[in-house]
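Please read the structure below before turning to the comments.
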Amino acid sequence: MSSWLGGLGSGLGQSLGQVGGSLSSFTGQISNFTKDMLLEGVEEVGDAATELQVSNSRLAEVEAAFGTQKSEYDRLRKLHAELEEKLEASEIQIKRQSAEYRALLQQKDVEISHLKARQSGLQEEVQNLQHSAQSASVGPALLPVTTTSSTTTSSSASSFLSRPGGSHQGFHSDEMDLSDVIWSQQEINRLSTEVMRLEAEVAHWRRMSQASAGAGAGNGDQGEILKLQRTIKDLREEMSREVDEHQHELAAVQDAQRQKMADITRRHRDELAEYEERIEELEEQIQSGGGQATSPSDASKLPELQKTISSLQEAADQREKQLAELSARLEEAQSKQASLQLEKDDAQEENAGLLQNYTRLQASVTELQARVQEQEGKALQKAQLDHEIQVLRKNLAASEKEIERLNSLVEAGPKEEVEHADILELNTIIGTLRQEKEVLEQEKLNLQERLEMAKEQIVSSNEAESGESESLEDLKTELERREKSLKNMEEERDTLMSELEELDRQNQEATQHMISVKDQLSGQLKEAEAKLTGLTAELNTTKDKNEALKQELETQKEKMSQSAFTLNDLHMGKQQLEGSVKELKDKLGNAQEQNKEARREITELKKTLQEREKQLSVAKAELDQAGDRGAVAQGTEEKLAGKDRELSDLRRELDEMRSSQEKVMSEDYELKMENRRLKTESEQAQGKGEELTKQMKESQAALNRTIREKDTRIEALKLEKSQLEGELRQAESTLTEQAKQYQQTIEELTRARSMDASALQMEHERAIKLNQEKDMEIAQLKRDMEQLASDHRDTNEMLSITVAGQKQLTDLLQEKDTFLETLKQNASDLQAEMENSIAVATKEAEALKQALDEKDKQLGGMKEENSHLKEEIDRFRDQQSRPQSLAEPRTLDIITELETEITQLKSSRNGLEEEIQTLRRTMEEQQASLLLSQQSLQAQQSELEQAHARHQQTTLNYDRLIHARDEEICRLQQTVDQLSESRGPADSPVQGEVIILQEEKTQTLNQENGNEKHDLSKVEIEKLVKGIKEKETEISQLNEKNLSLTKQLDQLVVSRDEVGKLSQMILQKDLEIQALHARVSMGVGGGHSQDVMFLQQQLQAYAVEREQVLAVLNEKTRENSQLRSDYHRLMDIMAGKEAALVKLQQENQRLQNMSDPSGSQEMFKETIQNLSRIIREKDIEIDALTQKCQTLVTVLQTSGGESGASSGGVSSNQFEELLQERDTLKQQVKKMEEWKQQVITTVKNMQHESAQLQEELIKLQGQVSADSDCSSKLTVDYTRLIQSYEQKERRLGSLSQELAQVQQTITQLSTTKEVLLGKLDCVAQTPEVVAAQSSGPSLTADAQSHQASPPASNEKLQEELVRLRAQLAEKENLIRTIQENNHRLSNSASASESEQRSQAEEVRQLRERLEALKRSVREKDLLIKTKGDQLSHVSEALRNRENDNEVLKQAVTNLKERALILEMDGKKLKEENELVAARSREKESEFRALQETNMQVSLLLREKEFELSAVSEKAATVEKMLKDKDQGKSGELNQLLSEMKSMQQKAVAFQQERDQVMMALKQKQMETTAVQSELQHMRDKEQRLTLELERLRNHLLEIEDSYTREALAAEDRETDLRRRVALLDDKLATSSSAVENASQQASLQVESLQEQLSGVVKQRDDALTHLRTSQEQVNQYAVSLSNLQMVLEQFQQEEKAMYSAELDRHKKEKEEWRRKAERLEDQASALQINLDEANAALDSASRLTDQLDLKEEQIEELKKQVDVRQEMLEEVQRKLMNLLNSTEGKIDKVLMRNLFLGYFHTPKTKRADVLRLMGSVLGLSREDIDKMLEEDGRHGVTGWVSSLLGGRGAQSVPNTPQRPTSGQGLNTSFSGMFVKFLEMESTPALPAPKLSVLDIKPLSAPPARRTSSAASSAAAGAAAAGKRAGEANPFLAPRSAAVPLLAGSGSGGSGGHLLMKPISDALPTFTPVPVSAEASAGAVLKDLLKQ
């Protein structure tokens, strides 16, 4: 009921929500409609046609809105009807329930009130009794009674207060259950017992009070009374509380009871049904078994059988118990294992986390420990130092006290000094202690010494108290010491003070620096503030732009919010899914629990069944085989059967267990799958969220970009603005300059005309007019300027617009690019994912195939086991059929075997379960991988990263494999080595291994045999096979999906091939390892060392191969990435193409829509279809008519044949009628054909028109494309123009720069010219002095540089200079004369020209005035025309406005009509509503009538029941009467019967009355409810109607307001327009008056001008006469002028030529001088460099000389040593000579053989060289060899051989040619030898490279004498150097062979100088220096030093 009510409530809420939503939408639409209405008046359309279109469109929109509203209204009406029905139903139900509940409540309240009344009465009685007891005096004998009573009351209270402990949560249900009634009855009983108890207590108290009254009055115990009062209060409170909680508990207990009862009844029914079935089965069995007869002999066998049955039952019970225990243990173990696994996983995760935390904590702890140690060390040091200081201070204080005590004995004078010294010392010590912590230790030592001294002083003072003289001396010494220490302290203080002062100084400097920095910062602050103000101004400008951006941002934010909403929805969905998962889990748990319960019940029932069946079977068997063989055999057979059954039962149970387990596992798996799905969905949601965030970021980045671009645009515009402003300023300045010039000219003219008064006046007037004209011109120019500025602004705006357009285009392009890039990336990701998924799928497929193969094998094994079991069963049967004597032991054996088998089966079951679990895990993993592969198709980015990671992992795995193989090879090599070492003892281990292998084989065989014993996991295997098949189908689907992508992935085959190669290499390595294993297993072999060598080679080869493979892999990965990028690019291109296609399609559709806006083509099609349909119908009619005609003709023919001549008249009439019909038909046919032709023509026309329209469409499309092309061209042209404009501007700028440069150059040239002229003048004045001066420095320069030019060139230059100066002077004189002539001529010409100019100017001015007047007249005409045009335009606009107003008025009227129509519709709808309401009321009345009938029927039923009961009672009474008759009591019976009848009649009457009253009550209730509902309905209606009225009123008011506003606005517009017209009229009038005034002024001016003209004509005549005279003069002047001009021109030409020549010459001279200056500078720089180098060389030389002097001193020392060594050497030489003599002529055979062979091997041309070599080896001289060669040339080979052989014996001592210096070496000095040595070393075999100094090219070649002088100077320098060394210049000596530095000389036997010997490692070696003959000694020295 409650659920039904809840559903109703939710339905109501939803429907009400819908209604509210629809109402809100309806009101929103109405408000929109009103807004549109208001806006309609505001919109102003120019043309009437467009306005009509607008109004039509509005009408259409309004109609559409109306239609939607109508549909909405219908829907709402239906909803309303449904809701009303539901409401009524619910109200009825609620009323019924509320009535029932009220009745119940009333009953309960009545009961409670009764009980409360009784309780209160009893309590009052108790109180009265207590009062009476208190008043009475109670003796000590009565005290125990009172106490007992109190205890009883307390106990009663406690018992009364003991409430039933039950939860009081829940509510009363709809129906009163029997259990609830019983419970309430019990509660009432309990309360009544409580009342009885209380009454008993009251009676007791009454008795007590009576007794106390009889005894006498006395004071009672106050404590007892108080206790009793408290208990009474508590009781009252508890009673009230109990009554409240009692109701709650009632409801809760009722609910619980009902649920329990329902469960119990359900179980009871199920059990009953099962028991009934069982009973039926047993009855059937009994019936079948009961038919057989029982013999008397069976009675004796029965007890034995019963015993056996009981024993069997006990055994079975034990087995079952064991089984149950085992199964329980199994379940526990499994659950424990699962929990342990979970705990293990958790622990591992926690471990990992804890390890990380531990490492982090360790690091932090170490850091803290280090810090703590440092802190502790510091603290310890501080504490130690403080402690020491305190100790020292204490000691000091003690010592000072002692000294004072001693000094007090001594005299006052020294005492004061000592104290003073002590105070000073103490002060210094304290200062030092405070200031210096570092000096603490030294101070400590000093203080310790002082302490010792003080102690000694104390001792001495104690000893010599008598002898004060000694103590005085001691004190003096101490004083002296203290004074010394004081001085030291003072010195330290001074130093500290100085340091302090320095620090103060530094501080002051720092403060000054700070102040300066502060000033700078303040200045910077001011600048920054100024910048800030500028920036704020810019900010204000940018704010406006930012607003637009903000709007964009808001749109973006809206999008964001939408995305956020979607995210929230996703989150909500996720939460819901999680909730559903939890619910499913709960359901699963419940299901499992129910399963367990069901299993337990089933097992119990099975046990009972089995027991019954066993008993039955046993009984049958006993009965059947009673007369047969012995009882023992029967017992054994029964035992066997029982065992078989037990086995079968066990197997069945196992199967059931398995099936249940499988079910549970499948449910678990489904749950896991759902979990995974939910996880994937959540991940997808997260991915979406991430994508949304990414989109956000991208949008933000785009926004930032746009902002930046806008900023750049703003800056560019600002720059343009500044440029324009500059140009404007320039233009204004030029204008001002022109105005100034004009003013100057005017002033000049006025001055020139100041002679004549009349002329002055004229001039004055003219000047004024000129001024006016100028003002006019200035005004015009200003206007032009303004126009230009406005044009410029327009252009700027245009530019900005175009720039914005271009930027938008660029943004679009950028977006496209980014989109393309993302597409590329997606494509690449897809590729990678597909590859990965394919690889994974293939792996999974292989794994599944392997699993299938394994399962097939297992199946085969199981089948074999089956067959084995069958064979065993057969064997058992055979055994059973054998005799009885062998039966007992066999049965025992069988039982034992069966038990063992059971144990084995259990173990195998465990193993199989474990296998199943592992298989399931693998299955789940495979499914997870499948899910992952499907996810990877969706989530692309994550897969890319995984793909990269996998690629790297594969490479790493291959590397690892290769490493592993290498390690294996190394290990095998080691084993090979070990084997080679231990060959002998290798045989025994092999045997051992063989044995082990055999054992393992046997073990495996045993296991296989064990496995073959049972066939258990068939079902599971089948299920797994099915699962694998499903997976394979899924994999095949995935493969089919991936085939499309594999086509694209053909490019990546290369990398796969590489992987294949790698795998092949690994296989090869495996094979090699196997080969090595085989070798190792061979064990005994000879060539282990060779194998090891071979293996090492292989290892090296493998290492090389591995490197190659890695390189190849890297290359392949690179290629892979390139291919991927190419693929991405292609995909992007494809995507771009597709996007372009889509765009084109959209464009086509749009164009089609554009070309066919009114749906004309559809109209054409419809008309054509209609026409074709009409034509078909007409054709059908014509066919029908023709058929009719044919039939009539046939009828005529037949009738004509039959009737003959007799009936000819009739036939003729008929024939005529037929003919007439035919004619009419023909006419109709013709008409139809004509109509058909018309239709055809119309169709053709339509087709033509459609073709034309299509052509027009195509043309329009072409035009559109052309327009787009034109627009693109225009944009291109525009951009080009802009570019050209910018280029021109740049060129202008560059030209202006060039101009400025040219001007600068001109100014420079002029300055240079002036300078040159000035110099030339100076030169002309003092040529000799200058020459002397110039020659002086030049000579000095020559002396310095040794590169000056010869004096001959100087003289020439001077001569040229003098000549040039003379020419210049002449030219200047000429120029001056010409200039004077020019001045004179120009003055005369200017005078004549000024007169002519003045006259011409006057004429020109007059003309200009006339032209200006004409212009002004034209302008006025144009103005008038324009004003007229404007007037006409304004009038047209007025007319249009009036038309618009009329149209608007019509629209308003239409709208009013529509509003009325809408109101009518509303009224109709209301009427319909009322009708619906009336119908609903009728339905209600019907429903009530039905209810009443129902009630009547129920009453009738009750009456019938009552009658029945009465009849039954009558029957009973009749029976009693009959019985009584038998006894003889009829009279009483009759009386009783009559009484009964009367009672029954009364009862019936009472019942009828009650029923009538109930009916009336119910009718009243129904009526009241109906009335209430109607009242409510009416109120709702009234509210609705009032709301509608208010809304309509508001709407009408709004409409009226809008109309009034529109009318007012129209009036305002009319007034505005009229005002404008009036203004325009005024303006026209003013302009016309102005024009008239202007024309009058113009006529006046013309008259005045004519007058002036006449005056001017007179003047002209006078002037003409003057002119003639002056012309003659002018002619004369002209002739003279022409002559002068000719002369001038000639002069000018000559001057120009002169000037040009002079300029050229000057330029050339200038260039020459410049070149000379440059050359001189270069020379000077070169000389400077040389000087620096020479100085450096001199320094180095001086350094060298010093070093040489040192060396010479060393050499002299060494010489002495050398002499000693020389003597030793001579001795050694002597010994050597002896040795040489002894070893004379002994040459190496091998050497001679090689030489001999070499001779014959060499070609003949080079054999002489070989012979020379041999001669040198043999010690022959060159001359001898040459002679021998000559002889050889003469004689041949025999000659030289014989000479060689002869020469060998002749030669005694080898005489090597000595070096040219070796002989002199002993006599020369060390420095000379050193120089020679250097010289030798420095002579190179190659030509010497030039030094860096010589690379500088001299500017001019020096003369011959300079080189000689240089040489001589160099020689002199060398000589000077040589004098120092004691020999000539060694650097310029001729070249000679260099001494070898580190070569072993064999020819040093004669004993040269030490330096000439090969240099040992001890001496320093110089690198050889190449020296050229031309180089100077200084340069060489410098190079040496550098090296």
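Lettering and numbering for the structure tokens are positional, with chains as A, B, ... in the shown order, residues counted from 1 in each chain, and ligands counted from 1 in the shown order.
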Exercise for review: Tell me which protein, DNA and RNA residues are within 12 Å of Asp1524 of chain A, counting only C-alpha atoms, leaving out same-chain ones fewer than 6 positions away, and put them as an MDAnalysis selection string.
Suggested key: chainID A and resid 1517:1518 1530:1534 1536
Check your understanding: What separation in Å, quoted to one decimal, exists between atom CA of Lys582 of chain A and atom CA of Asn675 of chain A?
Key -> 10.1 Å
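Here the question is which of A:Glu1147, A:Glu91, A:Lys545, A:Val803 gets nearest to Ile1282 of chain A using only C-alpha atoms, and that residue is A:Val803.
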Closest contacts (segment 775-838 of chain A/segment 1036-1040 of chain A, max 12 Å, only C-alpha atoms) as a Markdown table:
| residue | atom | partner | partner_atom | distance |
| --- | --- | --- | --- | --- |
| A:Met834 | CA | A:Leu1038 | CA | 9.8 |
| A:Glu835 | CA | A:Asn1039 | CA | 10.9 |
| A:Ser837 | CA | A:Leu1038 | CA | 8.6 |
| A:Ile838 | CA | A:Asn1039 | CA | 7.0 |
Residues from the last selection, N, CA and C atoms, saved as a PDB file, in the first residue's frame:
ATOM      1  N   MET A 834      46.319  -0.082 -33.721  1.00  0.00           N
ATOM      2  CA  MET A 834      45.897  -1.243 -34.503  1.00  0.00           C
ATOM      3  C   MET A 834      47.011  -2.276 -34.559  1.00  0.00           C
ATOM      4  N   GLU A 835      48.245  -1.802 -34.773  1.00  0.00           N
ATOM      5  CA  GLU A 835      49.398  -2.726 -34.779  1.00  0.00           C
ATOM      6  C   GLU A 835      49.450  -3.490 -33.468  1.00  0.00           C
ATOM      7  N   SER A 837      47.150  -3.891 -31.197  1.00  0.00           N
ATOM      8  CA  SER A 837      45.986  -4.774 -30.984  1.00  0.00           C
ATOM      9  C   SER A 837      46.130  -6.061 -31.792  1.00  0.00           C
ATOM     10  N   ILE A 838      46.633  -5.929 -33.040  1.00  0.00           N
ATOM     11  CA  ILE A 838      46.834  -7.119 -33.903  1.00  0.00           C
ATOM     12  C   ILE A 838      47.816  -8.067 -33.243  1.00  0.00           C
TER      13      ILE A 838
END
Exercise for review: Can you work out the spacing between atom CA of Arg1774 of chain A and atom CA of Leu1791 of chain A in Å, to one decimal?
Suggested key: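 Atom-to-atom, atom CA of Arg1774 of chain A to atom CA of Leu1791 of chain A, that is 27.9 Å.
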**Study point:** Distance query Ala564 of chain A at most 10 Å, only C-alpha atoms, self and fewer than 5 positions along chain excluded, as a PyMOL selection string
**Key:** chain A and resi 557-559+569-570+689+692-693
Please produce an output containing N, CA and C atoms for each residue in the selection, written as a short mmCIF file (atom, residue, chain, number, x, y, z; two decimals), in the first residue's frame.
data_model
loop_
_atom_site.label_atom_id
_atom_site.label_comp_id
_atom_site.auth_asym_id
_atom_site.auth_seq_id
_atom_site.Cartn_x
_atom_site.Cartn_y
_atom_site.Cartn_z
N LYS A 557 32.87 30.70 -22.02
CA LYS A 557 32.52 30.24 -20.67
C LYS A 557 31.21 29.44 -20.69
N GLU A 558 30.27 29.95 -21.51
CA GLU A 558 29.00 29.22 -21.63
C GLU A 558 29.25 27.80 -22.12
N LYS A 559 30.12 27.76 -23.16
CA LYS A 559 30.49 26.43 -23.68
C LYS A 559 31.08 25.59 -22.56
N ASP A 569 26.86 15.35 -15.36
CA ASP A 569 25.96 14.26 -15.74
C ASP A 569 26.69 12.93 -15.75
N LEU A 570 27.89 12.98 -16.36
CA LEU A 570 28.70 11.76 -16.43
C LEU A 570 29.03 11.25 -15.02
N GLY A 689 36.57 14.36 -19.90
CA GLY A 689 36.88 15.53 -19.07
C GLY A 689 38.21 16.14 -19.45
N LEU A 692 37.88 17.87 -22.65
CA LEU A 692 37.22 19.17 -22.43
C LEU A 692 38.20 20.19 -21.87
N THR A 693 39.03 19.71 -20.87
CA THR A 693 40.03 20.63 -20.30
C THR A 693 41.02 21.08 -21.37
#
Contacts between segment 1474-1494 of chain A and segment 39-104 of chain A, please, where a residue of segment 39-104 of chain A counts if it comes within 9 Å (with only C-alpha atoms); show its shortest atom pair and distance in Å to one decimal, rows by chain and ascending number, as JSON lines.
{"residue": "A:Ala81", "atom": "CA", "partner": "A:Val1476", "partner_atom": "CA", "distance": 7.6}
{"residue": "A:Glu84", "atom": "CA", "partner": "A:Ser1480", "partner_atom": "CA", "distance": 8.4}
{"residue": "A:Glu85", "atom": "CA", "partner": "A:Ser1480", "partner_atom": "CA", "distance": 7.7}
{"residue": "A:Glu88", "atom": "CA", "partner": "A:Glu1484", "partner_atom": "CA", "distance": 8.3}
Pick out the residues sitting within 12 Å of Ser1063 of chain A, and hand them over as a short mmCIF file (atom, residue, chain, number, x, y, z; two decimals) with all heavy atoms, in the first residue's frame; count only C-alpha atoms, and ignore anything fewer than 4 positions along from it in its own chain.
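Here's the written file out28.cif:
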data_model
loop_
_atom_site.label_atom_id
_atom_site.label_comp_id
_atom_site.auth_asym_id
_atom_site.auth_seq_id
_atom_site.Cartn_x
_atom_site.Cartn_y
_atom_site.Cartn_z
N THR A 954 60.46 -4.30 -26.34
CA THR A 954 60.88 -5.38 -27.25
C THR A 954 62.37 -5.30 -27.52
O THR A 954 63.08 -6.32 -27.48
CB THR A 954 60.11 -5.31 -28.57
OG1 THR A 954 60.15 -3.96 -29.06
CG2 THR A 954 58.66 -5.72 -28.40
N THR A 955 62.81 -4.06 -27.80
CA THR A 955 64.25 -3.89 -28.05
C THR A 955 65.05 -4.32 -26.82
O THR A 955 66.05 -5.05 -26.93
CB THR A 955 64.58 -2.43 -28.39
OG1 THR A 955 63.98 -1.59 -27.39
CG2 THR A 955 64.02 -2.05 -29.75
N ASN A 957 64.05 -6.35 -24.48
CA ASN A 957 63.93 -7.81 -24.32
C ASN A 957 64.92 -8.53 -25.23
O ASN A 957 65.56 -9.51 -24.82
CB ASN A 957 62.52 -8.27 -24.66
CG ASN A 957 61.53 -7.84 -23.60
OD1 ASN A 957 61.93 -7.63 -22.45
ND2 ASN A 957 60.28 -7.68 -23.95
N TYR A 958 64.99 -8.08 -26.48
CA TYR A 958 65.96 -8.69 -27.41
C TYR A 958 67.37 -8.54 -26.88
O TYR A 958 68.17 -9.48 -26.92
CB TYR A 958 65.82 -8.08 -28.81
CG TYR A 958 64.67 -8.67 -29.58
CD1 TYR A 958 63.65 -7.87 -30.08
CD2 TYR A 958 64.58 -10.05 -29.80
CE1 TYR A 958 62.59 -8.41 -30.77
CE2 TYR A 958 63.52 -10.60 -30.50
CZ TYR A 958 62.54 -9.79 -30.99
OH TYR A 958 61.49 -10.32 -31.68
N ASP A 959 67.66 -7.30 -26.40
CA ASP A 959 68.99 -7.08 -25.80
C ASP A 959 69.21 -8.04 -24.64
O ASP A 959 70.29 -8.66 -24.52
CB ASP A 959 69.11 -5.64 -25.29
CG ASP A 959 69.18 -4.64 -26.44
OD1 ASP A 959 69.46 -5.06 -27.59
OD2 ASP A 959 68.96 -3.46 -26.19
N LEU A 961 67.72 -10.88 -24.09
CA LEU A 961 67.86 -12.24 -24.62
C LEU A 961 69.28 -12.48 -25.11
O LEU A 961 69.90 -13.51 -24.82
CB LEU A 961 66.88 -12.46 -25.76
CG LEU A 961 65.46 -12.90 -25.35
CD1 LEU A 961 64.54 -12.78 -26.53
CD2 LEU A 961 65.48 -14.33 -24.85
N ILE A 962 69.75 -11.49 -25.88
CA ILE A 962 71.11 -11.62 -26.44
C ILE A 962 72.13 -11.72 -25.30
O ILE A 962 73.04 -12.56 -25.32
CB ILE A 962 71.43 -10.44 -27.37
CG1 ILE A 962 70.57 -10.56 -28.66
CG2 ILE A 962 72.89 -10.40 -27.76
CD1 ILE A 962 70.34 -9.26 -29.37
N ARG A 1056 59.01 -5.20 -38.98
CA ARG A 1056 58.65 -6.56 -38.57
C ARG A 1056 59.65 -7.57 -39.10
O ARG A 1056 60.03 -8.53 -38.42
CB ARG A 1056 57.25 -6.89 -39.06
CG ARG A 1056 56.16 -6.21 -38.25
CD ARG A 1056 54.81 -6.56 -38.75
NE ARG A 1056 53.82 -5.67 -38.16
CZ ARG A 1056 52.62 -5.47 -38.67
NH1 ARG A 1056 52.26 -6.10 -39.77
NH2 ARG A 1056 51.76 -4.66 -38.10
N ASP A 1057 60.06 -7.37 -40.37
CA ASP A 1057 61.10 -8.25 -40.94
C ASP A 1057 62.33 -8.22 -40.07
O ASP A 1057 62.97 -9.25 -39.82
CB ASP A 1057 61.44 -7.80 -42.36
CG ASP A 1057 60.26 -8.02 -43.31
OD1 ASP A 1057 59.32 -8.76 -42.95
OD2 ASP A 1057 60.28 -7.46 -44.40
N GLU A 1058 62.67 -6.99 -39.62
CA GLU A 1058 63.86 -6.85 -38.76
C GLU A 1058 63.66 -7.65 -37.47
O GLU A 1058 64.59 -8.33 -37.01
CB GLU A 1058 64.09 -5.38 -38.41
CG GLU A 1058 64.60 -4.56 -39.59
CD GLU A 1058 65.91 -5.07 -40.15
OE1 GLU A 1058 66.79 -5.42 -39.37
OE2 GLU A 1058 66.02 -5.19 -41.36
N VAL A 1059 62.48 -7.53 -36.91
CA VAL A 1059 62.17 -8.29 -35.68
C VAL A 1059 62.29 -9.78 -35.95
O VAL A 1059 62.83 -10.55 -35.15
CB VAL A 1059 60.77 -7.93 -35.16
CG1 VAL A 1059 60.39 -8.83 -33.99
CG2 VAL A 1059 60.72 -6.48 -34.74
N LEU A 1067 67.10 -17.66 -32.42
CA LEU A 1067 66.95 -19.11 -32.63
C LEU A 1067 68.29 -19.76 -32.94
O LEU A 1067 68.61 -20.84 -32.42
CB LEU A 1067 65.97 -19.36 -33.77
CG LEU A 1067 64.48 -19.10 -33.46
CD1 LEU A 1067 63.67 -19.06 -34.74
CD2 LEU A 1067 63.95 -20.19 -32.55
N GLN A 1068 69.04 -19.08 -33.82
CA GLN A 1068 70.39 -19.60 -34.13
C GLN A 1068 71.21 -19.74 -32.87
O GLN A 1068 71.88 -20.76 -32.65
CB GLN A 1068 71.08 -18.65 -35.11
CG GLN A 1068 70.53 -18.76 -36.54
CD GLN A 1068 71.11 -17.69 -37.45
OE1 GLN A 1068 71.97 -16.95 -37.02
NE2 GLN A 1068 70.64 -17.63 -38.67
N LYS A 1069 71.15 -18.67 -32.03
CA LYS A 1069 71.91 -18.71 -30.77
C LYS A 1069 71.43 -19.86 -29.90
O LYS A 1069 72.23 -20.55 -29.26
CB LYS A 1069 71.75 -17.39 -30.03
CG LYS A 1069 72.47 -16.27 -30.75
CD LYS A 1069 72.93 -15.22 -29.82
CE LYS A 1069 73.78 -14.22 -30.59
NZ LYS A 1069 74.16 -13.08 -29.79
N ASP A 1070 70.10 -20.06 -29.86
CA ASP A 1070 69.55 -21.19 -29.09
C ASP A 1070 70.12 -22.51 -29.59
O ASP A 1070 70.52 -23.38 -28.80
CB ASP A 1070 68.03 -21.20 -29.20
CG ASP A 1070 67.42 -20.08 -28.37
OD1 ASP A 1070 68.03 -19.70 -27.37
OD2 ASP A 1070 66.33 -19.62 -28.74
N VAL A 1109 73.09 -5.42 -35.11
CA VAL A 1109 71.63 -5.56 -34.94
C VAL A 1109 71.05 -4.35 -34.25
O VAL A 1109 70.01 -3.81 -34.64
CB VAL A 1109 71.32 -6.85 -34.14
CG1 VAL A 1109 69.90 -6.83 -33.59
CG2 VAL A 1109 71.49 -8.07 -35.03
#
